[in-house]
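Source file: run.cif; contents: mmCIF, C-alpha atoms and all ligand atoms.
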data_target
loop_
_atom_site.label_atom_id
_atom_site.label_comp_id
_atom_site.auth_asym_id
_atom_site.auth_seq_id
_atom_site.Cartn_x
_atom_site.Cartn_y
_atom_site.Cartn_z
CA MET A 1 70.40 18.56 -0.34
CA ALA A 2 73.18 16.57 1.37
CA ASP A 3 73.61 16.59 5.13
CA TRP A 4 76.84 15.76 6.98
CA ILE A 5 77.10 13.79 10.20
CA ILE A 6 80.20 14.66 12.21
CA ARG A 7 81.58 12.83 15.23
CA PRO A 8 84.35 14.05 17.52
CA VAL A 9 87.92 13.08 16.73
CA PRO A 10 90.90 13.02 19.06
CA GLN A 11 94.13 14.72 18.00
CA ILE A 12 94.88 15.48 14.38
CA GLN A 13 98.27 14.70 12.84
CA ALA A 14 98.28 15.53 9.15
CA THR A 15 100.00 17.12 6.18
CA LEU A 16 97.69 18.47 3.52
CA GLN A 17 97.13 20.91 0.70
CA VAL A 18 94.05 22.95 -0.04
CA PRO A 19 92.57 23.87 -3.44
CA GLY A 20 93.38 27.13 -5.23
CA ASP A 21 92.51 30.53 -3.80
CA LYS A 22 89.00 31.62 -4.75
CA SER A 23 89.64 35.38 -4.87
CA ILE A 24 92.82 34.95 -6.92
CA SER A 25 91.19 32.43 -9.29
CA HIS A 26 88.39 34.91 -10.16
CA ARG A 27 90.88 37.70 -10.82
CA ALA A 28 93.26 35.54 -12.86
CA VAL A 29 90.40 34.63 -15.23
CA LEU A 30 89.08 38.19 -15.51
CA LEU A 31 92.46 39.80 -16.17
CA ALA A 32 93.62 37.07 -18.56
CA ALA A 33 90.30 37.51 -20.39
CA ILE A 34 90.86 41.21 -21.11
CA SER A 35 94.57 40.94 -21.84
CA ASP A 36 96.44 40.76 -25.13
CA GLY A 37 97.50 37.17 -25.85
CA THR A 38 97.10 33.74 -24.30
CA SER A 39 97.54 33.10 -20.59
CA GLU A 40 97.79 29.80 -18.76
CA ILE A 41 96.38 29.71 -15.24
CA ARG A 42 97.51 26.80 -13.09
CA GLY A 43 96.17 25.84 -9.68
CA PHE A 44 92.77 27.37 -10.59
CA LEU A 45 89.91 26.61 -8.18
CA PRO A 46 87.20 24.85 -10.24
CA SER A 47 84.47 25.66 -7.70
CA ALA A 48 80.93 26.73 -8.59
CA ASP A 49 81.71 30.42 -7.89
CA CYS A 50 84.85 30.55 -10.01
CA MET A 51 83.17 28.65 -12.84
CA ARG A 52 80.54 31.42 -12.87
CA THR A 53 83.34 33.81 -13.74
CA VAL A 54 84.64 31.47 -16.45
CA ASP A 55 81.14 31.12 -17.93
CA ALA A 56 80.60 34.90 -17.77
CA MET A 57 83.79 35.50 -19.75
CA ARG A 58 82.74 32.90 -22.31
CA ALA A 59 79.33 34.59 -22.63
CA LEU A 60 81.18 37.83 -23.38
CA GLY A 61 83.12 36.19 -26.21
CA VAL A 62 86.33 35.03 -24.52
CA THR A 63 87.70 31.57 -25.43
CA ILE A 64 88.72 29.55 -22.38
CA GLN A 65 89.97 25.98 -22.58
CA VAL A 66 90.20 23.67 -19.60
CA PRO A 67 92.87 21.02 -20.41
CA GLU A 68 92.77 19.87 -16.77
CA PRO A 69 90.27 20.81 -14.05
CA THR A 70 92.76 23.18 -12.41
CA THR A 71 94.39 24.54 -15.57
CA LEU A 72 92.80 27.16 -17.82
CA VAL A 73 94.08 28.49 -21.12
CA VAL A 74 92.54 31.91 -21.75
CA GLN A 75 92.70 33.71 -25.08
CA GLY A 76 92.46 37.37 -24.12
CA CYS A 77 90.06 39.67 -25.97
CA ARG A 78 92.34 42.73 -25.59
CA GLY A 79 89.70 44.62 -23.66
CA THR A 80 86.80 44.23 -26.10
CA PHE A 81 83.86 42.07 -25.08
CA ARG A 82 81.06 40.88 -27.37
CA PRO A 83 77.56 41.49 -25.94
CA ALA A 84 76.34 38.46 -23.96
CA PRO A 85 73.46 36.62 -25.68
CA GLY A 86 71.34 36.74 -22.49
CA ALA A 87 71.58 37.52 -18.79
CA ILE A 88 74.79 36.42 -17.06
CA ASP A 89 73.95 34.29 -14.02
CA CYS A 90 76.51 34.96 -11.27
CA GLY A 91 75.00 32.24 -9.04
CA ASN A 92 76.08 32.73 -5.42
CA SER A 93 79.17 34.72 -6.32
CA GLY A 94 79.39 38.33 -5.13
CA THR A 95 82.92 38.52 -6.52
CA THR A 96 81.71 37.59 -10.01
CA MET A 97 78.88 40.13 -9.94
CA ARG A 98 80.77 43.07 -8.49
CA LEU A 99 84.03 42.70 -10.45
CA LEU A 100 82.20 41.97 -13.68
CA ALA A 101 80.01 45.04 -13.22
CA GLY A 102 83.21 47.12 -13.13
CA LEU A 103 84.58 45.48 -16.26
CA VAL A 104 81.46 45.81 -18.43
CA ALA A 105 80.75 49.40 -17.30
CA GLY A 106 83.38 50.67 -19.75
CA GLN A 107 82.22 48.58 -22.73
CA PRO A 108 79.66 49.81 -25.28
CA ILE A 109 77.28 46.92 -24.48
CA HIS A 110 74.23 46.14 -22.32
CA THR A 111 74.77 43.47 -19.71
CA ARG A 112 72.27 42.01 -17.27
CA LEU A 113 73.69 40.31 -14.17
CA THR A 114 71.53 37.98 -12.11
CA GLY A 115 72.22 35.81 -9.07
CA ASP A 116 70.72 33.15 -6.83
CA ARG A 117 68.44 33.93 -3.90
CA SER A 118 71.34 34.81 -1.56
CA LEU A 119 73.17 37.02 -4.06
CA SER A 120 69.87 38.76 -4.90
CA THR A 121 69.71 40.07 -1.32
CA ARG A 122 73.24 41.51 -1.27
CA PRO A 123 73.90 45.27 -1.40
CA MET A 124 75.11 46.64 -4.73
CA ARG A 125 74.90 50.41 -4.09
CA ARG A 126 78.58 50.29 -3.17
CA ILE A 127 79.34 49.64 -6.86
CA ILE A 128 76.31 51.29 -8.49
CA GLU A 129 77.14 54.71 -7.04
CA PRO A 130 80.78 54.97 -8.24
CA LEU A 131 80.13 53.29 -11.61
CA THR A 132 77.26 55.70 -12.25
CA ARG A 133 79.48 58.63 -11.33
CA MET A 134 82.00 57.36 -13.89
CA GLY A 135 79.31 57.56 -16.59
CA ALA A 136 77.80 54.06 -16.82
CA THR A 137 74.07 53.50 -16.42
CA VAL A 138 73.51 50.89 -13.74
CA HIS A 139 69.97 49.97 -12.79
CA ALA A 140 69.22 47.66 -9.87
CA GLU A 141 66.07 45.69 -10.56
CA GLY A 142 65.73 44.52 -6.94
CA PRO A 143 64.67 46.68 -3.98
CA ASP A 144 67.21 49.02 -2.29
CA GLY A 145 69.93 48.59 -4.89
CA ARG A 146 69.81 44.77 -4.95
CA PRO A 147 70.39 42.54 -8.01
CA PRO A 148 69.60 41.83 -10.80
CA LEU A 149 71.70 44.62 -12.31
CA MET A 150 71.23 46.06 -15.78
CA ILE A 151 74.38 47.82 -16.95
CA GLU A 152 74.72 50.02 -19.99
CA GLY A 153 78.38 50.71 -20.57
CA ALA A 154 79.77 54.06 -21.67
CA HIS A 155 82.99 56.01 -22.21
CA LEU A 156 83.95 56.41 -18.57
CA GLN A 157 85.46 59.34 -16.70
CA SER A 158 87.94 58.71 -13.92
CA ILE A 159 86.82 59.48 -10.35
CA GLU A 160 88.19 59.76 -6.85
CA HIS A 161 86.25 57.36 -4.69
CA SER A 162 86.20 56.75 -0.93
CA LEU A 163 84.77 53.46 0.25
CA ALA A 164 82.60 53.66 3.38
CA THR A 165 83.66 50.13 4.42
CA ALA A 166 86.71 48.15 3.41
CA SER A 167 85.56 45.96 0.52
CA ALA A 168 87.89 44.33 -1.97
CA GLN A 169 84.99 43.67 -4.33
CA ALA A 170 83.88 47.31 -4.40
CA LYS A 171 87.49 48.53 -4.67
CA SER A 172 88.13 46.10 -7.53
CA ALA A 173 84.96 47.07 -9.42
CA VAL A 174 86.08 50.72 -9.47
CA LEU A 175 89.70 49.88 -10.37
CA LEU A 176 88.63 47.60 -13.21
CA ALA A 177 86.28 50.28 -14.54
CA GLY A 178 89.18 52.72 -14.12
CA LEU A 179 91.18 50.66 -16.63
CA PHE A 180 88.67 51.80 -19.27
CA ALA A 181 88.25 55.40 -18.02
CA ARG A 182 89.90 58.61 -19.18
CA GLY A 183 92.43 59.83 -16.59
CA VAL A 184 93.45 58.55 -13.17
CA THR A 185 90.93 56.70 -11.00
CA THR A 186 91.64 56.69 -7.28
CA VAL A 187 90.08 54.52 -4.58
CA SER A 188 90.60 54.99 -0.83
CA GLU A 189 89.43 52.57 1.81
CA PRO A 190 89.14 52.91 5.59
CA SER A 191 91.33 49.86 6.18
CA LEU A 192 93.21 47.62 3.81
CA SER A 193 91.08 44.92 2.16
CA ARG A 194 92.68 42.09 0.17
CA ASP A 195 94.87 43.51 -2.58
CA HIS A 196 94.76 40.65 -5.11
CA THR A 197 93.38 42.89 -7.87
CA GLU A 198 96.23 45.34 -7.46
CA GLN A 199 98.82 42.51 -7.38
CA MET A 200 97.29 40.80 -10.39
CA LEU A 201 97.06 44.03 -12.44
CA ASP A 202 100.73 44.57 -11.73
CA HIS A 203 101.48 40.99 -12.86
CA PHE A 204 99.67 41.65 -16.16
CA GLY A 205 101.85 44.73 -16.75
CA VAL A 206 99.52 47.50 -15.55
CA ALA A 207 100.97 50.29 -13.42
CA VAL A 208 99.02 50.59 -10.16
CA HIS A 209 100.11 53.18 -7.65
CA ARG A 210 99.55 52.70 -3.93
CA ALA A 211 100.01 55.32 -1.21
CA GLY A 212 98.81 54.08 2.19
CA LEU A 213 95.12 53.23 1.89
CA THR A 214 94.75 54.86 -1.53
CA VAL A 215 95.29 53.13 -4.85
CA SER A 216 95.25 54.73 -8.32
CA ILE A 217 95.19 53.45 -11.86
CA THR A 218 95.56 55.32 -15.15
CA GLY A 219 93.01 54.33 -17.78
CA GLY A 220 93.85 53.10 -21.25
CA GLN A 221 96.59 50.60 -20.31
CA THR A 222 96.65 47.28 -22.16
CA LEU A 223 97.17 44.11 -20.15
CA GLN A 224 99.78 41.69 -21.48
CA ALA A 225 98.92 37.99 -21.24
CA ARG A 226 100.84 36.23 -18.48
CA SER A 227 100.85 32.78 -16.96
CA PHE A 228 99.98 32.50 -13.31
CA SER A 229 100.04 29.87 -10.55
CA VAL A 230 97.27 30.23 -7.99
CA PRO A 231 98.35 29.22 -4.46
CA GLY A 232 96.11 27.29 -2.05
CA ASP A 233 93.32 29.25 -0.40
CA ILE A 234 94.17 30.35 3.15
CA SER A 235 90.44 30.80 3.82
CA SER A 236 89.95 27.09 3.08
CA ALA A 237 93.04 26.15 5.10
CA ALA A 238 91.61 28.12 8.04
CA PHE A 239 89.13 25.32 8.77
CA TRP A 240 91.96 22.84 9.23
CA PHE A 241 94.07 25.40 11.15
CA VAL A 242 91.32 25.66 13.76
CA ALA A 243 90.73 21.89 13.82
CA ALA A 244 94.38 21.48 14.86
CA ALA A 245 94.89 24.69 16.88
CA ALA A 246 92.10 24.02 19.38
CA ARG A 247 93.29 20.52 20.41
CA PRO A 248 96.47 20.21 22.51
CA GLY A 249 98.72 17.57 20.94
CA SER A 250 97.42 18.09 17.39
CA SER A 251 99.86 19.01 14.68
CA LEU A 252 99.13 20.04 11.11
CA LEU A 253 101.24 21.06 8.14
CA VAL A 254 99.54 22.83 5.22
CA GLU A 255 101.68 23.20 2.10
CA ASN A 256 101.44 25.62 -0.83
CA VAL A 257 99.03 27.97 0.87
CA GLY A 258 98.67 31.64 -0.07
CA LEU A 259 100.34 34.00 2.42
CA ASN A 260 99.38 37.41 1.08
CA PRO A 261 99.65 39.67 4.17
CA THR A 262 96.17 41.11 3.47
CA ARG A 263 94.74 37.62 3.96
CA SER A 264 96.84 35.92 6.63
CA GLY A 265 95.35 37.58 9.73
CA VAL A 266 93.87 34.25 10.81
CA LEU A 267 97.40 33.12 11.70
CA ALA A 268 98.01 36.15 13.92
CA VAL A 269 94.69 35.59 15.70
CA LEU A 270 95.37 31.89 16.36
CA SER A 271 98.85 32.73 17.57
CA ALA A 272 97.42 35.40 19.94
CA MET A 273 95.02 32.72 21.22
CA GLY A 274 97.98 30.52 22.13
CA ALA A 275 98.30 28.09 19.19
CA GLY A 276 101.74 27.23 17.85
CA VAL A 277 102.01 28.89 14.41
CA GLU A 278 105.08 28.59 12.19
CA VAL A 279 105.16 30.08 8.71
CA ALA A 280 107.70 29.59 5.93
CA VAL A 281 107.31 31.57 2.72
CA THR A 282 108.68 29.27 0.01
CA GLU A 283 107.41 31.17 -3.08
CA PRO A 284 107.93 34.91 -2.67
CA ALA A 285 106.05 35.47 -5.98
CA THR A 286 103.42 38.11 -6.89
CA GLU A 287 101.20 36.24 -4.48
CA PRO A 288 103.48 34.79 -1.79
CA SER A 289 102.85 31.23 -0.67
CA GLY A 290 104.44 28.66 1.54
CA ARG A 291 104.00 26.26 4.45
CA VAL A 292 102.07 26.74 7.67
CA ARG A 293 102.51 24.49 10.67
CA ILE A 294 99.96 24.61 13.47
CA ASP A 295 100.45 22.99 16.88
CA GLY A 296 97.38 22.67 19.07
CA ALA A 297 97.03 24.20 22.53
CA GLN A 298 94.40 25.13 25.08
CA LEU A 299 93.35 28.36 23.38
CA GLN A 300 92.63 31.59 25.27
CA GLY A 301 90.06 34.25 24.42
CA THR A 302 91.08 37.32 22.46
CA HIS A 303 89.75 40.48 20.84
CA ILE A 304 89.28 40.70 17.07
CA GLY A 305 88.39 44.15 15.75
CA GLY A 306 89.46 47.36 14.03
CA ASP A 307 91.71 47.19 10.98
CA GLU A 308 92.21 43.46 11.50
CA ILE A 309 88.59 42.68 10.51
CA ALA A 310 89.01 43.06 6.73
CA ASN A 311 91.97 40.68 6.91
CA VAL A 312 90.00 37.89 8.65
CA ILE A 313 86.52 38.64 7.31
CA ASP A 314 85.97 35.20 5.75
CA GLU A 315 87.63 33.35 8.64
CA LEU A 316 85.44 34.84 11.38
CA PRO A 317 82.94 31.95 11.35
CA VAL A 318 85.66 29.39 12.11
CA LEU A 319 87.48 31.77 14.47
CA ALA A 320 84.20 32.07 16.41
CA VAL A 321 84.26 28.28 16.74
CA ALA A 322 87.84 28.53 18.05
CA ALA A 323 86.62 31.15 20.55
CA ALA A 324 83.93 28.80 21.86
CA LEU A 325 86.66 26.21 22.50
CA ALA A 326 88.98 28.73 24.20
CA HIS A 327 89.14 29.66 27.86
CA GLY A 328 87.79 33.12 28.60
CA ARG A 329 86.03 35.77 26.57
CA THR A 330 86.49 36.60 22.92
CA THR A 331 85.02 39.81 21.56
CA ILE A 332 84.52 40.45 17.86
CA SER A 333 83.66 44.04 16.90
CA GLY A 334 83.52 46.14 13.74
CA ALA A 335 82.36 43.15 11.72
CA GLY A 336 78.94 44.44 10.60
CA GLU A 337 79.84 43.41 7.02
CA LEU A 338 79.21 39.81 8.11
CA ARG A 339 75.49 40.61 8.06
CA VAL A 340 75.55 41.05 4.26
CA LYS A 341 77.64 38.04 3.22
CA GLU A 342 76.24 34.82 1.74
CA SER A 343 74.04 34.76 4.88
CA ASP A 344 73.75 37.04 7.91
CA ARG A 345 76.83 35.38 9.34
CA LEU A 346 76.68 37.02 12.77
CA ASN A 347 73.21 35.58 13.27
CA ALA A 348 74.15 32.21 11.75
CA ILE A 349 77.25 31.86 13.94
CA ALA A 350 75.45 32.87 17.14
CA THR A 351 72.48 30.57 16.41
CA ASN A 352 74.67 27.55 15.72
CA LEU A 353 77.10 28.14 18.59
CA ARG A 354 74.15 28.40 21.01
CA ALA A 355 72.65 25.18 19.64
CA LEU A 356 75.97 23.48 20.51
CA GLY A 357 75.78 24.82 24.08
CA ALA A 358 78.19 27.77 23.80
CA GLU A 359 77.61 31.10 25.53
CA VAL A 360 77.27 33.86 22.93
CA GLU A 361 75.96 37.39 22.95
CA GLU A 362 75.32 38.81 19.50
CA THR A 363 75.93 42.56 19.07
CA GLY A 364 75.12 44.84 16.13
CA ASP A 365 78.57 44.46 14.59
CA GLY A 366 80.04 41.42 16.28
CA MET A 367 79.64 39.12 19.25
CA VAL A 368 80.97 38.19 22.66
CA ILE A 369 81.74 34.51 23.13
CA THR A 370 82.50 33.14 26.57
CA GLY A 371 84.42 29.99 25.79
CA GLY A 372 85.07 26.83 27.69
CA ARG A 373 81.60 25.34 28.05
CA PRO A 374 81.54 21.76 26.78
CA LEU A 375 79.90 21.57 23.34
CA HIS A 376 77.31 18.90 22.59
CA GLY A 377 76.25 17.65 19.17
CA ALA A 378 73.17 19.21 17.56
CA ARG A 379 71.36 19.56 14.23
CA LEU A 380 72.69 22.73 12.65
CA HIS A 381 71.70 24.59 9.50
CA SER A 382 74.23 25.83 6.96
CA PHE A 383 71.99 28.83 6.25
CA GLY A 384 72.86 28.03 2.61
CA ASP A 385 76.32 29.49 3.36
CA HIS A 386 79.46 27.50 2.55
CA ARG A 387 81.61 29.00 5.30
CA ILE A 388 78.95 28.40 7.96
CA ALA A 389 78.63 24.74 6.87
CA MET A 390 82.41 24.17 7.04
CA ALA A 391 83.00 26.15 10.25
CA PHE A 392 80.37 24.09 12.07
CA ALA A 393 81.66 20.82 10.63
CA ILE A 394 84.89 21.73 12.45
CA ALA A 395 82.90 22.53 15.62
CA GLY A 396 81.41 19.03 15.33
CA LEU A 397 84.90 17.53 15.69
CA PHE A 398 84.94 18.94 19.25
CA ALA A 399 81.31 18.38 20.31
CA HIS A 400 80.19 15.37 22.37
CA GLY A 401 77.91 13.07 20.38
CA GLU A 402 76.82 13.62 16.82
CA THR A 403 76.55 16.92 14.95
CA THR A 404 74.49 17.12 11.76
CA ILE A 405 75.01 19.91 9.26
CA ILE A 406 71.91 20.33 7.13
CA ASP A 407 72.04 21.50 3.51
CA THR A 408 75.73 21.36 2.67
CA ASP A 409 75.54 21.60 -1.15
CA CYS A 410 76.58 25.27 -0.80
CA VAL A 411 80.13 24.11 0.02
CA ALA A 412 80.68 23.55 -3.72
CA THR A 413 80.86 27.34 -4.17
CA SER A 414 84.33 27.49 -2.62
CA TYR A 415 85.56 24.04 -1.55
CA PRO A 416 84.10 21.11 -3.50
CA GLY A 417 86.51 18.54 -1.95
CA PHE A 418 85.92 19.59 1.67
CA PRO A 419 83.82 16.58 2.83
CA GLU A 420 86.33 14.09 1.38
CA GLN A 421 89.25 15.87 3.05
CA LEU A 422 87.34 15.96 6.33
CA CYS A 423 86.70 12.21 6.14
CA ALA A 424 90.37 11.54 5.33
CA LEU A 425 91.48 13.69 8.27
CA CYS A 426 89.13 11.93 10.66
CA ALA A 427 90.17 8.47 9.46
CA ALA A 428 93.92 9.22 9.74
C1 LIG B 1 86.33 38.93 -1.77
C2 LIG B 1 86.27 39.98 -0.92
C3 LIG B 1 85.65 39.92 0.41
C4 LIG B 1 85.34 38.49 0.84
C5 LIG B 1 84.79 37.67 -0.26
C6 LIG B 1 85.75 37.62 -1.44
C7 LIG B 1 87.02 39.11 -3.07
O1 LIG B 1 84.47 40.68 0.40
O2 LIG B 1 84.48 38.49 1.94
O3 LIG B 1 84.56 36.35 0.18
O4 LIG B 1 87.34 38.12 -3.73
O5 LIG B 1 87.25 40.27 -3.43
P1 LIG B 1 84.51 42.29 0.44
O6 LIG B 1 84.27 42.80 -0.92
O7 LIG B 1 83.43 42.66 1.38
O8 LIG B 1 85.89 42.69 0.89
#
In structure tokens, what does this structure look like?
Ligand code: S3P
Amino acid sequence: MADWIIRPVPQIQATLQVPGDKSISHRAVLLAAISDGTSEIRGFLPSADCMRTVDAMRALGVTIQVPEPTTLVVQGCRGTFRPAPGAIDCGNSGTTMRLLAGLVAGQPIHTRLTGDRSLSTRPMRRIIEPLTRMGATVHAEGPDGRPPLMIEGAHLQSIEHSLATASAQAKSAVLLAGLFARGVTTVSEPSLSRDHTEQMLDHFGVAVHRAGLTVSITGGQTLQARSFSVPGDISSAAFWFVAAAARPGSSLLVENVGLNPTRSGVLAVLSAMGAGVEVAVTEPATEPSGRVRIDGAQLQGTHIGGDEIANVIDELPVLAVAAALAHGRTTISGAGELRVKESDRLNAIATNLRALGAEVEETGDGMVITGGRPLHGARLHSFGDHRIAMAFAIAGLFAHGETTIIDTDCVATSYPGFPEQLCALCAA
């Protein structure tokens, strides 16, 4: 288990790119796998999580070649999987487990989905309930609807489903099952979660209808193979955005980064906190992408809550670090979902910020951070959670003395090159 030692750096001046978007990479593989024909996916993120999805598709009989680490050639199975020879191990990846559950629910096969210790504690009722209502048999082997999942597929019926919390994974599981169901499947969510599944289905030639917070799909449509370029992951770029935003005089340019409006809330929050944020969309494709320039400033506290939460859900750990470096109070509310991510992120953030000397009050669904206290280096745990490890590596750039992040192997799930990029940034 590798540890990182981080020392403070003065201003950052850099131009960089980040690896492919994790959410889009998963979906590109899944949809190419069930389509008719051969698709080439460029800019794919070859992280541990996304490779779980690749391996799952291979286990279900799909041929995937990897001519280069970030290029996949997928021969679609036209919607018919072969039964997997054994359990499919989804590792740490909630996206793999939940989206795959939706896809196999409409196939006449048994599939067992397992995960690592963290994934085995994550709630699955949000997909078990709708998939069961559609006609699949889904049995959770863990307590309280936790993995492993045993799924027996069936001829599905369409349903109308309302999500209790905005969740792109739950929404996608139902939409993907809806592809194989008779009739029109409809999913409504309380606020808009990332819409990559809808965008990607559209790209593969499937009609998806959206009206406000409701999205519908008619079953029985065949996906046509399509090539796709995955833009850089804005959730990965967010670590560098904060590294630059919180230091007056710093300046950073990130190129080829995904700018889907359901994902770019981090930019609005940093701008509200006083950072200089300039965005140029250069590829107005299915998934828009472009350049982001961040100029550092003395940040000010803000409020992050309501409908904005789903849009910044993965960036909240690093935004909490920005809040500790800002003047004044930042409140985060309505973010109870952070308790059931790869770790209990509200607890992990509060624990680590306090260890660095910040003033934090943890609430049931968020926290209040009173920024401006000087941070001092400390030994911090990753909690086995990639985003906690990376967010606190960024905090270490601002803390006096030395910060150690313990157990950083988890970073490979979303950003294998992070430590090298951090070293390059610090040396520049
Ligand atoms: C993801 C959706 C989000 C996010 C996760 C990736 C996805 O979770 O936190 O890291 O790829 O669909 P929700 O399902 O809770 O929205």
Review point. With all atoms listed in the file as the atoms that count, which of A:Pro67, A:Pro123, A:Gly142, A:Gly328 lies nearest to ligand LIG 1 (chain B)?
Key: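 Checking each candidate against ligand LIG 1 (chain B), we get A:Pro123 as the closest.
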Practice item. Rank nothing, just name the residue among A:Pro231, A:Gly336, A:Pro248, A:Gly183 nearest to ligand LIG 1 (chain B), using only C-alpha atoms and all ligand atoms. Key: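 The shortest atom-to-atom distance to ligand LIG 1 (chain B) comes from A:Gly336.
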Which chain A residues have any atom within 7 Å of an atom of ligand LIG 1 (chain B), and for each, what is the nearest pair of atoms with distance in Å to one decimal, counting only C-alpha atoms and all ligand atoms, rows sorted by chain and number, as a Markdown table?
| residue | atom | partner | partner_atom | distance |
| --- | --- | --- | --- | --- |
| A:Lys22 | CA | B:LIG1 | O4 | 6.8 |
| A:Ser23 | CA | B:LIG1 | O4 | 3.8 |
| A:Thr95 | CA | B:LIG1 | O4 | 5.2 |
| A:Ala166 | CA | B:LIG1 | O8 | 6.1 |
| A:Ser167 | CA | B:LIG1 | O8 | 3.3 |
| A:Ala168 | CA | B:LIG1 | O8 | 3.9 |
| A:Gln169 | CA | B:LIG1 | O6 | 3.6 |
| A:Ala170 | CA | B:LIG1 | O6 | 5.7 |
| A:Ser193 | CA | B:LIG1 | O8 | 5.8 |
| A:Arg194 | CA | B:LIG1 | O5 | 6.8 |
| A:Ala310 | CA | B:LIG1 | O8 | 6.6 |
| A:Ile313 | CA | B:LIG1 | O2 | 5.7 |
| A:Asp314 | CA | B:LIG1 | O2 | 5.2 |
| A:Glu337 | CA | B:LIG1 | O7 | 6.7 |
| A:Lys341 | CA | B:LIG1 | O2 | 7.0 |
Practice item. May I have the residues within 9 Å of Leu422 of chain A as a list in words, using all atoms listed in the file and disregarding those fewer than 6 positions away in the same chain? Key: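 That gives Trp240, Ala393 and Ile394 of chain A.
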Practice item. Kindly indicate which residue among A:Met134, A:Leu30, A:Ile234, A:Ala177 lies nearest to Leu103 of chain A, using all atoms listed in the file for the distances. Key: A:Ala177
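For the pair atom CA of Val215 of chain A and atom CA of Glu315 of chain A, the interatomic distance is 25.1 Å.
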Practice item. Find the distance between atom CA of Gly153 of chain A and atom CA of Gly135 of chain A and write it in Å to one decimal. Key: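 Between these atoms lies a distance of 8.0 Å.
Of the listed residues (A:Ala154, A:His139, A:Phe398, A:Arg78), A:Phe398 comes nearest to Cys426 of chain A; the distances count only C-alpha atoms.
Between atom CA of Val292 of chain A and atom CA of Gly43 of chain A the interatomic distance comes to 18.3 Å.
With all atoms listed in the file as the basis for measurement, A:Ala136 is the residue among A:Met124, A:Val254, A:Ala136, A:Ala395 that approaches Ser158 of chain A most closely.
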Exercise for review: Taking the point (87.9, 13.8, 15.2) as given in the file, collect each protein or nucleic acid residue that comes within 8 Å of it, counting only C-alpha atoms, and present the set as a VMD selection string.
Suggested key: chain A and resid 7 to 12 397 to 398 425 to 426
Please produce an output containing C-alpha atoms for each residue in the selection, written as a compact mmCIF listing (two decimals), in the frame of the given file.
# COMPACT_ATOMS: atom_id res chain seq x y z
CA ARG A 7 81.58 12.83 15.23
CA PRO A 8 84.35 14.05 17.52
CA VAL A 9 87.92 13.08 16.73
CA PRO A 10 90.90 13.02 19.06
CA GLN A 11 94.13 14.72 18.00
CA ILE A 12 94.88 15.48 14.38
CA LEU A 397 84.90 17.53 15.69
CA PHE A 398 84.94 18.94 19.25
CA LEU A 425 91.48 13.69 8.27
CA CYS A 426 89.13 11.93 10.66
